Each structure stands twice: as structure tokens, then as C-alpha cells.
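Reproduced below: final15.cif, with mmCIF, C-alpha atoms.
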```
data_upload
#
loop_
_atom_site.label_atom_id
_atom_site.label_comp_id
_atom_site.auth_asym_id
_atom_site.auth_seq_id
_atom_site.Cartn_x
_atom_site.Cartn_y
_atom_site.Cartn_z
CA MET A 268 -29.22 -9.57 -6.23
CA ALA A 269 -29.87 -8.02 -9.62
CA GLY A 270 -26.31 -6.64 -9.76
CA HIS A 271 -24.93 -10.07 -8.93
CA THR A 272 -27.01 -11.61 -11.74
CA ILE A 273 -25.72 -9.03 -14.24
CA THR A 274 -22.13 -9.76 -13.19
CA GLN A 275 -22.65 -13.48 -13.70
CA GLU A 276 -24.17 -12.86 -17.13
CA ALA A 277 -21.24 -10.61 -18.12
CA ALA A 278 -18.76 -13.24 -16.94
CA GLY A 279 -20.56 -15.88 -18.98
CA THR A 280 -20.55 -13.67 -22.09
CA THR A 281 -16.83 -12.96 -21.72
CA ALA A 282 -16.06 -16.67 -21.35
CA GLN A 283 -18.07 -17.49 -24.49
CA THR A 284 -16.51 -14.80 -26.70
CA SER A 285 -12.91 -15.10 -25.46
CA VAL A 286 -10.27 -17.72 -24.67
CA THR A 287 -7.36 -18.01 -22.28
CA GLN A 288 -4.02 -16.64 -23.36
CA GLY A 289 -2.55 -20.12 -23.60
CA HIS A 290 -5.39 -21.22 -25.86
CA ALA A 291 -4.97 -18.12 -28.04
CA ALA A 292 -1.23 -18.79 -28.40
CA ARG A 293 -1.93 -22.33 -29.60
CA GLU A 294 -4.53 -21.14 -32.10
CA LEU A 295 -2.07 -18.60 -33.50
CA GLY A 296 0.80 -21.10 -33.54
CA LEU A 297 2.96 -18.97 -31.24
CA LYS A 298 5.39 -20.04 -28.56
CA ARG A 299 4.70 -18.84 -25.04
CA GLY A 300 7.51 -16.27 -25.11
CA GLU A 301 6.46 -14.95 -28.50
CA PHE A 302 2.86 -14.57 -27.39
CA GLU A 303 3.73 -12.86 -24.08
CA LEU A 304 6.03 -10.41 -25.85
CA ALA A 305 3.34 -9.63 -28.44
CA VAL A 306 0.88 -8.87 -25.61
CA LEU A 307 3.49 -6.72 -23.84
CA LEU A 308 4.09 -4.72 -27.01
CA GLY A 309 0.38 -4.31 -27.68
CA ARG A 310 0.49 -6.39 -30.86
CA ILE A 311 -2.14 -8.71 -29.34
CA ARG A 312 -4.84 -7.04 -27.26
CA THR A 313 -6.30 -8.68 -24.20
CA VAL A 314 -9.49 -8.04 -22.23
CA GLY A 315 -10.17 -8.22 -18.52
CA ASP A 316 -11.90 -11.23 -17.04
CA THR A 317 -15.03 -10.07 -15.19
CA ALA A 318 -14.61 -13.00 -12.81
CA GLY A 319 -11.27 -11.57 -11.68
CA GLY A 320 -9.03 -14.12 -13.40
CA ARG A 321 -6.17 -13.64 -15.84
CA ARG A 322 -6.77 -11.46 -18.89
CA ARG A 323 -8.19 -13.21 -21.94
CA VAL A 324 -8.14 -12.84 -25.73
CA THR A 325 -11.31 -12.39 -27.75
CA ARG A 326 -12.10 -14.50 -30.80
CA GLU A 327 -12.28 -11.30 -32.81
CA GLU A 328 -8.71 -10.38 -31.80
CA ILE A 329 -7.41 -13.81 -32.82
CA GLU A 330 -8.97 -13.40 -36.25
CA ARG A 331 -7.56 -9.87 -36.58
CA VAL A 332 -4.02 -11.05 -35.85
CA ARG A 333 -4.35 -14.07 -38.11
CA ALA A 334 -5.59 -11.89 -40.98
CA GLY A 335 -2.72 -9.40 -40.58
CA GLU A 336 -0.32 -8.82 -43.47
CA GLY A 337 2.51 -11.34 -43.55
CA PHE A 338 1.20 -13.47 -40.70
CA PRO A 339 2.93 -15.40 -39.32
CA GLU A 340 6.47 -14.91 -40.74
CA ALA A 341 6.56 -11.12 -41.16
CA TRP A 342 4.45 -10.65 -38.07
CA LEU A 343 6.83 -12.74 -35.96
CA GLU A 344 9.79 -10.75 -37.22
CA ARG A 345 8.24 -7.62 -35.71
CA VAL A 346 8.16 -9.24 -32.25
CA ARG A 347 11.53 -11.01 -32.44
CA ALA A 348 13.83 -10.43 -29.47
CA VAL A 349 17.61 -10.92 -29.73
CA GLY A 350 20.54 -10.98 -27.36
CA THR A 351 23.76 -8.98 -27.33
CA THR A 352 25.64 -10.95 -29.98
CA GLU A 353 22.83 -11.05 -32.52
CA GLY A 354 21.84 -7.47 -31.73
CA ALA A 355 25.36 -6.21 -32.39
CA ALA A 356 25.41 -8.10 -35.70
CA LEU A 357 22.10 -6.52 -36.74
CA MET A 358 23.56 -3.05 -36.08
CA ASP A 359 26.97 -3.95 -37.58
CA ILE A 360 28.88 -2.95 -34.44
CA SER A 361 30.98 -4.80 -31.90
CA THR A 362 29.40 -6.46 -28.89
CA ALA A 363 31.43 -4.15 -26.62
CA ARG A 364 29.97 -1.04 -28.28
CA PHE A 365 26.51 -2.57 -28.20
CA THR A 366 26.83 -3.21 -24.44
CA ARG A 367 28.00 0.39 -23.87
CA LEU A 368 24.90 1.69 -25.67
CA THR A 369 22.59 -0.49 -23.60
CA ARG A 370 24.23 0.29 -20.26
CA THR A 371 24.00 4.05 -20.86
CA GLY A 372 20.35 3.87 -21.86
CA PHE A 373 20.45 4.46 -25.61
CA ILE A 374 18.87 1.06 -26.24
CA THR A 375 16.18 -0.32 -23.92
CA PRO A 376 15.73 -4.04 -23.25
CA VAL A 377 12.36 -5.58 -23.98
CA LYS A 378 12.69 -8.64 -21.72
CA PHE A 379 15.20 -10.69 -19.72
CA TYR A 380 15.83 -14.13 -18.29
CA LEU A 381 18.42 -15.90 -16.14
CA ASN A 382 20.65 -18.50 -17.74
CA ARG A 383 21.76 -21.68 -16.00
CA TYR A 384 24.60 -19.77 -14.32
CA ARG A 385 22.06 -17.27 -12.92
CA ALA A 386 23.47 -14.51 -15.11
CA VAL A 387 20.98 -11.94 -16.42
CA VAL A 388 20.47 -12.14 -20.19
CA TRP A 389 18.89 -9.02 -21.66
CA LEU A 390 16.92 -9.21 -24.89
CA TYR A 391 16.17 -6.41 -27.34
CA LEU A 392 13.59 -5.95 -30.04
CA ALA A 393 15.25 -6.64 -33.41
CA GLU A 394 12.96 -4.17 -35.16
CA GLU A 395 14.04 -1.35 -32.83
CA LEU A 396 17.73 -2.14 -33.30
CA ARG A 397 17.42 -1.86 -37.07
CA GLN A 398 15.60 1.45 -36.72
CA PHE A 399 18.29 2.76 -34.35
CA ALA A 400 21.06 1.80 -36.75
CA ARG A 401 19.30 3.47 -39.72
CA ALA A 402 18.76 6.82 -37.95
CA GLU A 403 21.32 9.42 -39.05
CA ALA A 404 21.25 11.05 -35.60
CA ASN A 405 22.81 7.89 -34.13
CA ALA A 406 25.69 7.59 -36.61
CA GLY A 407 28.21 9.06 -34.15
CA LEU A 408 27.29 6.46 -31.56
CA LEU A 409 27.97 3.57 -33.93
CA THR A 410 31.48 4.60 -35.01
CA GLY A 411 34.49 6.35 -33.53
CA ARG A 412 35.44 6.90 -29.92
CA ALA A 413 32.86 7.23 -27.19
CA SER A 414 32.30 10.75 -25.90
CA GLY A 415 33.84 11.89 -22.62
CA THR A 416 30.42 11.93 -20.96
CA LEU A 417 29.74 8.38 -22.05
CA ARG A 418 33.13 7.17 -20.83
CA ALA A 419 32.62 8.90 -17.48
CA GLN A 420 29.28 7.19 -17.02
CA LEU A 421 30.73 3.80 -17.83
CA ASP A 422 33.71 4.37 -15.51
CA ALA A 423 31.23 5.22 -12.72
CA GLY A 424 29.49 1.88 -13.23
CA VAL A 425 26.27 3.27 -14.70
CA ASP A 426 23.90 0.53 -15.89
CA LEU A 427 20.42 1.72 -16.85
CA ARG A 428 19.20 -1.55 -18.36
CA ALA A 429 17.07 -2.65 -15.40
CA ARG A 430 15.61 0.82 -14.79
CA ASN A 431 14.76 1.34 -18.46
CA TRP A 432 13.21 -2.11 -18.67
CA ARG A 433 11.02 -1.33 -15.63
CA GLY A 434 9.85 1.89 -17.25
CA ARG A 435 8.96 0.07 -20.44
CA TYR A 436 7.25 -2.72 -18.54
CA ALA A 437 5.19 -0.29 -16.46
CA GLY A 438 4.03 1.50 -19.59
CA ALA A 439 2.99 -1.80 -21.17
CA LEU A 440 1.00 -2.81 -18.08
CA LEU A 441 -0.78 0.54 -17.93
CA ARG A 442 -1.78 0.26 -21.59
CA GLN A 443 -3.40 -3.11 -21.00
CA SER A 444 -6.13 -1.93 -18.65
CA ASP A 445 -8.51 0.97 -18.09
CA ASP A 446 -9.55 -0.26 -14.65
CA PRO A 447 -8.16 2.17 -12.04
CA TRP A 448 -7.49 -0.52 -9.43
CA ALA A 449 -5.63 -2.68 -11.98
CA ARG A 450 -3.58 0.37 -13.03
CA ALA A 451 -2.71 1.06 -9.40
CA ALA A 452 -1.64 -2.57 -9.02
CA ALA A 453 0.57 -2.30 -12.12
CA VAL A 454 2.46 0.63 -10.60
CA ALA A 455 2.64 -0.98 -7.16
CA SER A 456 4.16 -4.15 -8.63
CA LEU A 457 7.44 -2.26 -9.17
CA LEU A 458 7.70 -0.99 -5.58
CA ASP A 459 8.93 -2.92 -2.57
CA PRO A 460 6.36 -3.97 0.10
CA VAL A 461 7.52 -1.28 2.54
CA GLN A 462 6.84 1.48 0.00
CA ILE A 463 3.43 0.00 -0.77
CA ALA A 464 2.46 -0.23 2.91
CA GLU A 465 3.43 3.42 3.45
CA ILE A 466 1.08 4.55 0.68
CA ILE A 467 -1.77 2.00 0.99
CA LYS A 468 -2.46 1.95 4.71
CA ASP A 469 -5.84 0.21 4.49
CA PRO A 470 -5.20 -3.58 4.71
CA TYR A 471 -8.20 -4.45 2.51
CA GLU A 472 -7.09 -2.05 -0.22
CA ARG A 473 -3.55 -3.39 0.02
CA ALA A 474 -4.78 -6.98 -0.30
CA TYR A 475 -6.95 -6.07 -3.30
CA VAL A 476 -4.06 -4.31 -5.07
CA HIS A 477 -1.80 -7.28 -4.39
CA ARG A 478 -4.40 -9.64 -5.88
CA LEU A 479 -4.56 -7.54 -9.07
CA MET A 480 -0.80 -7.37 -9.56
CA PRO A 481 0.53 -9.01 -12.74
CA GLY A 482 1.95 -12.50 -12.40
CA SER A 483 5.45 -12.73 -11.01
CA PHE A 484 8.42 -13.86 -13.07
CA SER A 485 8.40 -17.52 -12.06
CA GLN A 486 12.06 -18.50 -12.26
CA GLY A 487 12.67 -19.89 -8.81
CA ALA A 488 11.10 -19.30 -5.42
CA PRO A 489 11.25 -15.70 -4.10
CA GLU A 490 13.78 -16.66 -1.41
CA SER A 491 16.02 -18.60 -3.84
CA PRO A 492 19.14 -16.99 -5.38
CA ALA A 493 17.39 -16.73 -8.77
CA GLY A 494 14.28 -15.27 -7.13
CA GLN A 495 16.35 -12.64 -5.33
CA ILE A 496 18.04 -11.58 -8.57
CA ILE A 497 14.69 -11.23 -10.31
CA GLN A 498 13.27 -9.33 -7.32
CA LYS A 499 16.14 -6.87 -7.56
CA ILE A 500 15.57 -6.30 -11.28
CA THR A 501 11.81 -5.87 -10.96
CA THR A 502 11.89 -3.54 -7.92
CA ALA A 503 12.63 0.17 -8.31
CA ASP A 504 15.85 1.28 -6.63
CA ASP A 505 16.62 4.66 -8.18
CA PRO A 506 15.41 7.60 -6.01
CA ASP A 507 13.89 9.49 -8.95
CA GLU A 508 12.19 6.34 -10.20
CA ILE A 509 10.78 5.59 -6.73
CA ARG A 510 9.42 9.13 -6.37
CA TRP A 511 7.69 8.87 -9.75
CA LEU A 512 6.14 5.50 -8.91
CA ARG A 513 4.95 6.67 -5.49
CA ALA A 514 3.33 9.77 -6.96
CA ASN A 515 1.73 7.73 -9.74
CA LEU A 516 0.42 5.16 -7.25
CA THR A 517 -1.08 7.89 -5.04
CA ILE A 518 -2.92 9.42 -8.02
CA SER A 519 -4.09 6.00 -9.24
CA LEU A 520 -5.45 5.12 -5.79
CA SER A 521 -7.38 8.39 -5.58
CA ARG A 522 -9.04 7.68 -8.93
CA ALA A 523 -9.76 4.07 -8.00
CA ARG A 524 -11.39 5.00 -4.69
CA GLY A 525 -13.54 7.55 -6.50
CA GLU A 526 -14.85 4.87 -8.86
CA ARG A 527 -15.50 2.06 -6.38
CA PRO A 528 -14.25 0.94 -2.99
CA ALA A 529 -12.00 -2.05 -2.58
CA PRO A 530 -13.96 -5.19 -1.64
CA ARG A 531 -14.31 -5.93 2.03
CA PRO A 532 -15.65 -8.96 3.89
CA ALA A 533 -19.36 -8.84 4.71
CA PRO A 534 -20.01 -7.77 8.33
CA ARG A 535 -20.78 -10.64 10.67
CA PRO A 536 -24.27 -10.65 12.22
CA ALA A 537 -24.36 -9.99 15.96
CA PRO A 538 -24.67 -13.25 17.93
CA ALA A 539 -28.10 -13.89 19.49
CA PRO A 540 -28.19 -13.43 23.29
CA GLU A 541 -27.91 -16.72 25.12
CA ARG A 542 -30.93 -17.80 27.20
CA LEU A 543 -30.10 -18.80 30.73
CA ALA A 544 -31.10 -22.39 31.39
CA GLU A 545 -33.65 -22.84 34.20
CA PRO A 546 -32.40 -25.12 36.96
CA ALA A 547 -34.03 -28.53 36.96
CA PRO A 548 -36.22 -29.20 39.99
CA ASP A 549 -34.66 -31.25 42.74
CA ARG A 550 -36.82 -34.38 42.94
CA ALA A 551 -35.43 -35.33 46.37
CA ALA A 552 -36.38 -32.00 48.01
CA PRO A 553 -39.71 -31.84 49.83
CA PRO A 554 -42.37 -29.55 48.44
CA ALA A 555 -42.05 -26.01 49.65
CA THR A 556 -44.60 -24.67 52.14
CA LEU A 557 -45.92 -21.17 52.47
CA PRO A 558 -44.32 -19.06 55.19
CA HIS A 559 -47.46 -18.97 57.37
CA GLU A 560 -48.09 -22.67 57.09
CA GLU A 561 -46.86 -25.15 59.59
CA PRO A 562 -46.35 -28.79 58.78
CA ARG A 563 -49.44 -30.79 59.58
CA GLU A 564 -47.69 -32.99 62.09
CA ARG A 565 -46.55 -30.00 64.14
CA ALA A 566 -49.95 -28.32 63.87
CA SER A 567 -51.59 -31.42 65.46
CA GLU A 568 -49.15 -31.58 68.40
CA PRO A 569 -50.61 -28.68 70.46
CA ARG A 570 -54.14 -30.05 70.19
CA GLY A 571 -53.11 -33.56 71.35
CA LEU A 572 -51.12 -32.11 74.25
CA LEU A 573 -54.08 -30.02 75.43
CA ARG A 574 -56.35 -33.08 75.46
CA TRP A 575 -53.78 -35.01 77.52
CA MET A 576 -53.41 -32.13 80.04
CA ARG A 577 -57.19 -31.78 80.37
CA ARG A 578 -57.48 -35.47 81.08
CA ARG A 579 -54.75 -35.19 83.73
CA GLY A 580 -56.44 -32.19 85.29
CA ALA A 581 -59.70 -33.93 85.31
#
```

Structure re-expressed in C-alpha cells:
Amino acid sequence: MAGHTITQEAAGTTAQTSVTQGHAARELGLKRGEFELAVLLGRIRTVGDTAGGRRRVTREEIERVRAGEGFPEAWLERVRAVGTTEGAALMDISTARFTRLTRTGFITPVKFYLNRYRAVVWLYLAEELRQFARAEANAGLLTGRASGTLRAQLDAGVDLRARNWRGRYAGALLRQSDDPWARAAAVASLLDPVQIAEIIKDPYERAYVHRLMPGSFSQGAPESPAGQIIQKITTADDPDEIRWLRANLTISLSRARGERPAPRPAPRPAPAPERLAEPAPDRAAPPATLPHEEPRERASEPRGLLRWMRRRGA
């Protein structure tokens, strides 16, 4: 009871000193996409909700961001995401070269979305593209012919954009929480349900991990064409990647179990034994007599008969 009271008090304190992410975005004057990307990059820190809801933003964090140098213009520039055309212009290269660099893993996407034709549009952090273009070590990648290794990879159909995005996304999720169960859920969110069931055999643990998973990318129902495309992007498919995620999930689960068990339903109390109902007395039945008793009428018959026989004999 005392532990429950402490939890309620902690939840109340968190609610008083923090706001929802949507509320924080409005206070900072940020669009939803800008705010979510800033959280993903760690530019805006969030805290866990003790009541088990979505992560929140403290008042102190809002003031810290607002007081940052160059907020909001310079600050927004550091979280600006651009597509292929704008990214190539920032690096002063052709869009074809830019795409080759992204497909072979030299540049990692920061987010994605599906356009109205259900084509995947990858976005990249403008700040990272400028840094890549300024680095002397990358000069050979920005001019001249592509190396034989690079051409061989492209001819083989290599496209590391989805895998590299998943790695970046997993790292961002793990940075957001110190709770071992939430960290296990972050890793599990990138595995398919079959892989998860093989590792988390306990149904209550599996349900708890599923509840803690980050929100899905809501762009169509899971069974819709758009949902299937997103599911493919957000689910690991490379053997090395799957092995790493499975190993990481196993370690995370071991740590989580050592800290606290997954919640389980309270055991049901045993049902009370049913009392057998006593049969109601039959009002029409005559009262029972003892075995040695004879009915009074029958007991009087021998005496009357003897008197009659004596009179006859007399």
C-alpha cells in the first residue's frame, strides 16, 4: 500500500513538472516533425512517465532549449532534414552521385516518409551533409569516377539506407531511456514477431515488452500497402543485423529481469466451497415412525379381536 502511494505521488510530481510532447512543441513553436526529429537526435531530452504513458518534457528542458544560442533560427538549422535534391545541392554534387553515396552507406538517413505514390522518400540531416562535404577524407567520393568496389556494390543492387536508418534509430531509442525493460522494447521493435517470440517465451514478458515499444509509424493500417512498406523498412532483414539485435535483446532481458519482474495479473482467490442445499420437507408425507412402533390403529386391532373371541367362547 505504501509503495502504491509513493508511485501515485511520483506520478503526480512528474505531471506537475512536465508536459506532453505535443504541448512542449507548441510552447517552443516547433512543427511536429521538427520536434520529433529534435527528440530523436537528443537535442530535446524527454523523461519517462511514471504512469506508463508516453514520454514527457520537463519545464526545465523547455526553458533550456528556449534559452539556447540562436533559438529558434540557428537551432532549427541544426535539426533541418533535406531530401536528395536539396542534399546534393548542399554538397555541390549531382543527385546521381548523392544517391550512390547513400545507397552504399556513406551517408545515413535520419528519417523517411512515403509520398502519395507510396514511394519511400529518405531525408538527411543538412548539418551532417555539410560536414561530410567539408572533410578532406571524402574529397575523392565527391569528384571523379566511382571506385571499382563501389560500382560492384551498386551493380549488385546494394542499398544500405534502410539498414543504416534502423541502426541510427535503435541508438536514438536506447539513449532516451535508462529503464532496462524500455531498452529491451526498443531493440525488440526492430525484430519481427517470430524472432521476438523465440527469445521472449514468457507471454507476460512479451506483452509487457510490446506495451513499452515506441509508437509505430502511423502511415496507413499495418495490412495496407503503405503499412507493409513501412513494416519492411522498420524490420531487420540482414542476417548480421538480426544476430546483433537478438543478442542485444537477450542481454537487455537478462538485465531487466534482474531489476524487476514483468507485471503479471494478480492471482484469483480460490472459490468458496458450495454448501449443499438441504431438501425441503415433504408436507404431504406422513410423519415418520420409529422402527419398533406400530401405528396405533394396528396396535388396537389384536386387543379388539381377543375381546370378540372371548365373548364368542363364553

Close residues, region 438-441 of chain A itself excluded, 7 Å, only C-alpha atoms, min 6 positions apart in chain, as a PyMOL selection string: chain A and resi 307-308+450+453

Residue selection dump (C-alpha atoms) as an mmCIF file, in the frame of the given file:
```cif
data_model
loop_
_atom_site.group_PDB
_atom_site.id
_atom_site.type_symbol
_atom_site.label_atom_id
_atom_site.label_comp_id
_atom_site.auth_asym_id
_atom_site.auth_seq_id
_atom_site.Cartn_x
_atom_site.Cartn_y
_atom_site.Cartn_z
ATOM 1 C CA LEU A 307 3.490 -6.720 -23.840
ATOM 2 C CA LEU A 308 4.090 -4.720 -27.010
ATOM 3 C CA ARG A 450 -3.580 0.370 -13.030
ATOM 4 C CA ALA A 453 0.570 -2.300 -12.120
#
```

Can you check which parts of region 384-502 of chain A lie within 8 Å of region 528-537 of chain A? Per residue, the shortest pair of atoms and distance in Å to one decimal, counting only C-alpha atoms, sorted by chain and number, as a Markdown table.
```
| residue | atom | partner | partner_atom | distance |
| --- | --- | --- | --- | --- |
| A:Tyr471 | CA | A:Arg531 | CA | 6.3 |
| A:Glu472 | CA | A:Ala529 | CA | 5.4 |
| A:Tyr475 | CA | A:Ala529 | CA | 6.5 |
```

Can you write just those residues out, C-alpha atoms, as a JSON list (two decimals), in the coordinates of the input?
```
[["chain", "number", "residue", "atom", "x", "y", "z"],
["A", 471, "TYR", "CA", -8.20, -4.45, 2.51],
["A", 472, "GLU", "CA", -7.09, -2.05, -0.22],
["A", 475, "TYR", "CA", -6.95, -6.07, -3.30]]
```

For CA of Arg383 (chain A) and CA of Val306 (chain A), the interatomic separation in Å (one decimal):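 Computing it gives 26.3 Å between the two atoms.
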
Length of the CA of Asp504 (chain A) to CA of Arg522 (chain A) vector [Å]: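 Between CA of Asp504 (chain A) and CA of Arg522 (chain A) the gap is 25.8 Å.
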
Report as an mmCIF file with C-alpha atoms, keeping the file's coordinate frame the full result of the PyMOL selection byres ((chain A and resi 295-298) around 12) when it is applied to this structure.
```
data_model
loop_
_atom_site.group_PDB
_atom_site.id
_atom_site.type_symbol
_atom_site.label_atom_id
_atom_site.label_comp_id
_atom_site.auth_asym_id
_atom_site.auth_seq_id
_atom_site.Cartn_x
_atom_site.Cartn_y
_atom_site.Cartn_z
ATOM 1 C CA GLN A 288 -4.020 -16.640 -23.360
ATOM 2 C CA GLY A 289 -2.550 -20.120 -23.600
ATOM 3 C CA HIS A 290 -5.390 -21.220 -25.860
ATOM 4 C CA ALA A 291 -4.970 -18.120 -28.040
ATOM 5 C CA ALA A 292 -1.230 -18.790 -28.400
ATOM 6 C CA ARG A 293 -1.930 -22.330 -29.600
ATOM 7 C CA GLU A 294 -4.530 -21.140 -32.100
ATOM 8 C CA ARG A 299 4.700 -18.840 -25.040
ATOM 9 C CA GLY A 300 7.510 -16.270 -25.110
ATOM 10 C CA GLU A 301 6.460 -14.950 -28.500
ATOM 11 C CA PHE A 302 2.860 -14.570 -27.390
ATOM 12 C CA GLU A 303 3.730 -12.860 -24.080
ATOM 13 C CA LEU A 304 6.030 -10.410 -25.850
ATOM 14 C CA ALA A 305 3.340 -9.630 -28.440
ATOM 15 C CA VAL A 306 0.880 -8.870 -25.610
ATOM 16 C CA ILE A 311 -2.140 -8.710 -29.340
ATOM 17 C CA VAL A 324 -8.140 -12.840 -25.730
ATOM 18 C CA ARG A 326 -12.100 -14.500 -30.800
ATOM 19 C CA GLU A 328 -8.710 -10.380 -31.800
ATOM 20 C CA ILE A 329 -7.410 -13.810 -32.820
ATOM 21 C CA GLU A 330 -8.970 -13.400 -36.250
ATOM 22 C CA ARG A 331 -7.560 -9.870 -36.580
ATOM 23 C CA VAL A 332 -4.020 -11.050 -35.850
ATOM 24 C CA ARG A 333 -4.350 -14.070 -38.110
ATOM 25 C CA ALA A 334 -5.590 -11.890 -40.980
ATOM 26 C CA GLY A 335 -2.720 -9.400 -40.580
ATOM 27 C CA PHE A 338 1.200 -13.470 -40.700
ATOM 28 C CA PRO A 339 2.930 -15.400 -39.320
ATOM 29 C CA GLU A 340 6.470 -14.910 -40.740
ATOM 30 C CA TRP A 342 4.450 -10.650 -38.070
ATOM 31 C CA LEU A 343 6.830 -12.740 -35.960
ATOM 32 C CA VAL A 346 8.160 -9.240 -32.250
ATOM 33 C CA ARG A 347 11.530 -11.010 -32.440
#
```

Please return as a count of residues only every residue within 9 Å of (14.5, -3.4, -33.5), taking into account all atoms listed in the file and the file's own coordinates. 17

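Reported to one decimal place, the separation of CA of Arg473 (chain A) from CA of Ala452 (chain A) is 9.3 Å.
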
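Nearest-residue note for Ala429 (chain A): choosing from A:Ile466, A:Ile500, A:Ala449, A:Val377, the minimum distance belongs to A:Ile500, counting all atoms listed in the file.
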
My list of candidates is A:Leu427, A:Ala493, A:Ala356, A:Leu512. Which is closest to Thr375 (chain A) when distances are computed with all atoms listed in the file?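 Result for the nearest residue to Thr375 (chain A): A:Leu427.
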
Name the residues captured by the PyMOL selection byres ((chain A and resi 443) around 8) when it is applied to the shown file; answer as a PDB file with C-alpha atoms, in the frame of the given file.
```pdb
ATOM      1  CA  GLY A 309       0.380  -4.310 -27.680  1.00  0.00           C
ATOM      2  CA  ARG A 312      -4.840  -7.040 -27.260  1.00  0.00           C
ATOM      3  CA  THR A 313      -6.300  -8.680 -24.200  1.00  0.00           C
ATOM      4  CA  VAL A 314      -9.490  -8.040 -22.230  1.00  0.00           C
ATOM      5  CA  ALA A 439       2.990  -1.800 -21.170  1.00  0.00           C
ATOM      6  CA  LEU A 440       1.000  -2.810 -18.080  1.00  0.00           C
ATOM      7  CA  LEU A 441      -0.780   0.540 -17.930  1.00  0.00           C
ATOM      8  CA  ARG A 442      -1.780   0.260 -21.590  1.00  0.00           C
ATOM      9  CA  SER A 444      -6.130  -1.930 -18.650  1.00  0.00           C
ATOM     10  CA  ASP A 445      -8.510   0.970 -18.090  1.00  0.00           C
TER      11      ASP A 445
END
```

For the file shown, what are the residues hit by the PyMOL selection byres ((chain A and resi 479) around 10), laid out as a list in words?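 Output of the PyMOL selection byres ((chain A and resi 479) around 10): Gly319, Gly320, Arg321, Trp448, Ala449, Arg450, Ala451, Ala452, Ala453, Ala455, Ser456, Ala474, Tyr475, Val476, His477, Arg478, Met480, Pro481 and Gly482 of chain A.
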
Region 449-464 of chain A written out with N, CA, C and O atoms as a compact mmCIF listing (two decimals), in the first residue's frame:
```txt
# COMPACT_ATOMS: atom_id res chain seq x y z
N ALA A 449 12.35 -0.89 -20.99
CA ALA A 449 12.13 0.01 -22.14
C ALA A 449 13.24 -0.17 -23.18
O ALA A 449 12.99 -0.11 -24.39
N ARG A 450 14.47 -0.40 -22.72
CA ARG A 450 15.57 -0.62 -23.65
C ARG A 450 15.40 -1.94 -24.40
O ARG A 450 15.67 -2.03 -25.60
N ALA A 451 14.92 -2.95 -23.69
CA ALA A 451 14.64 -4.22 -24.37
C ALA A 451 13.54 -4.04 -25.42
O ALA A 451 13.61 -4.60 -26.52
N ALA A 452 12.53 -3.24 -25.09
CA ALA A 452 11.44 -2.99 -26.04
C ALA A 452 11.93 -2.23 -27.26
O ALA A 452 11.46 -2.47 -28.38
N ALA A 453 12.89 -1.31 -27.06
CA ALA A 453 13.43 -0.55 -28.19
C ALA A 453 14.12 -1.48 -29.18
O ALA A 453 13.97 -1.35 -30.40
N VAL A 454 14.88 -2.43 -28.67
CA VAL A 454 15.56 -3.39 -29.55
C VAL A 454 14.54 -4.31 -30.22
O VAL A 454 14.61 -4.58 -31.42
N ALA A 455 13.58 -4.79 -29.43
CA ALA A 455 12.59 -5.72 -29.97
C ALA A 455 11.74 -5.09 -31.07
O ALA A 455 11.23 -5.79 -31.95
N SER A 456 11.58 -3.77 -31.03
CA SER A 456 10.72 -3.10 -32.02
C SER A 456 11.25 -3.24 -33.43
O SER A 456 10.51 -3.00 -34.39
N LEU A 457 12.52 -3.61 -33.60
CA LEU A 457 13.10 -3.75 -34.93
C LEU A 457 13.17 -5.21 -35.39
O LEU A 457 13.70 -5.49 -36.47
N LEU A 458 12.64 -6.13 -34.58
CA LEU A 458 12.60 -7.54 -34.95
C LEU A 458 11.17 -7.94 -35.30
O LEU A 458 10.21 -7.35 -34.81
N ASP A 459 11.04 -8.97 -36.14
CA ASP A 459 9.69 -9.43 -36.47
C ASP A 459 9.12 -10.25 -35.31
O ASP A 459 9.87 -10.74 -34.45
N PRO A 460 7.80 -10.41 -35.24
CA PRO A 460 7.17 -11.10 -34.10
C PRO A 460 7.68 -12.52 -33.87
O PRO A 460 7.74 -12.98 -32.73
N VAL A 461 8.05 -13.22 -34.93
CA VAL A 461 8.56 -14.59 -34.77
C VAL A 461 9.87 -14.58 -34.01
O VAL A 461 10.10 -15.39 -33.10
N GLN A 462 10.76 -13.65 -34.36
CA GLN A 462 12.05 -13.54 -33.65
C GLN A 462 11.82 -13.20 -32.18
O GLN A 462 12.47 -13.74 -31.29
N ILE A 463 10.89 -12.30 -31.93
CA ILE A 463 10.61 -11.89 -30.55
C ILE A 463 10.08 -13.07 -29.74
O ILE A 463 10.50 -13.30 -28.60
N ALA A 464 9.16 -13.84 -30.32
CA ALA A 464 8.57 -14.98 -29.61
C ALA A 464 9.61 -16.05 -29.32
O ALA A 464 9.52 -16.75 -28.30
```
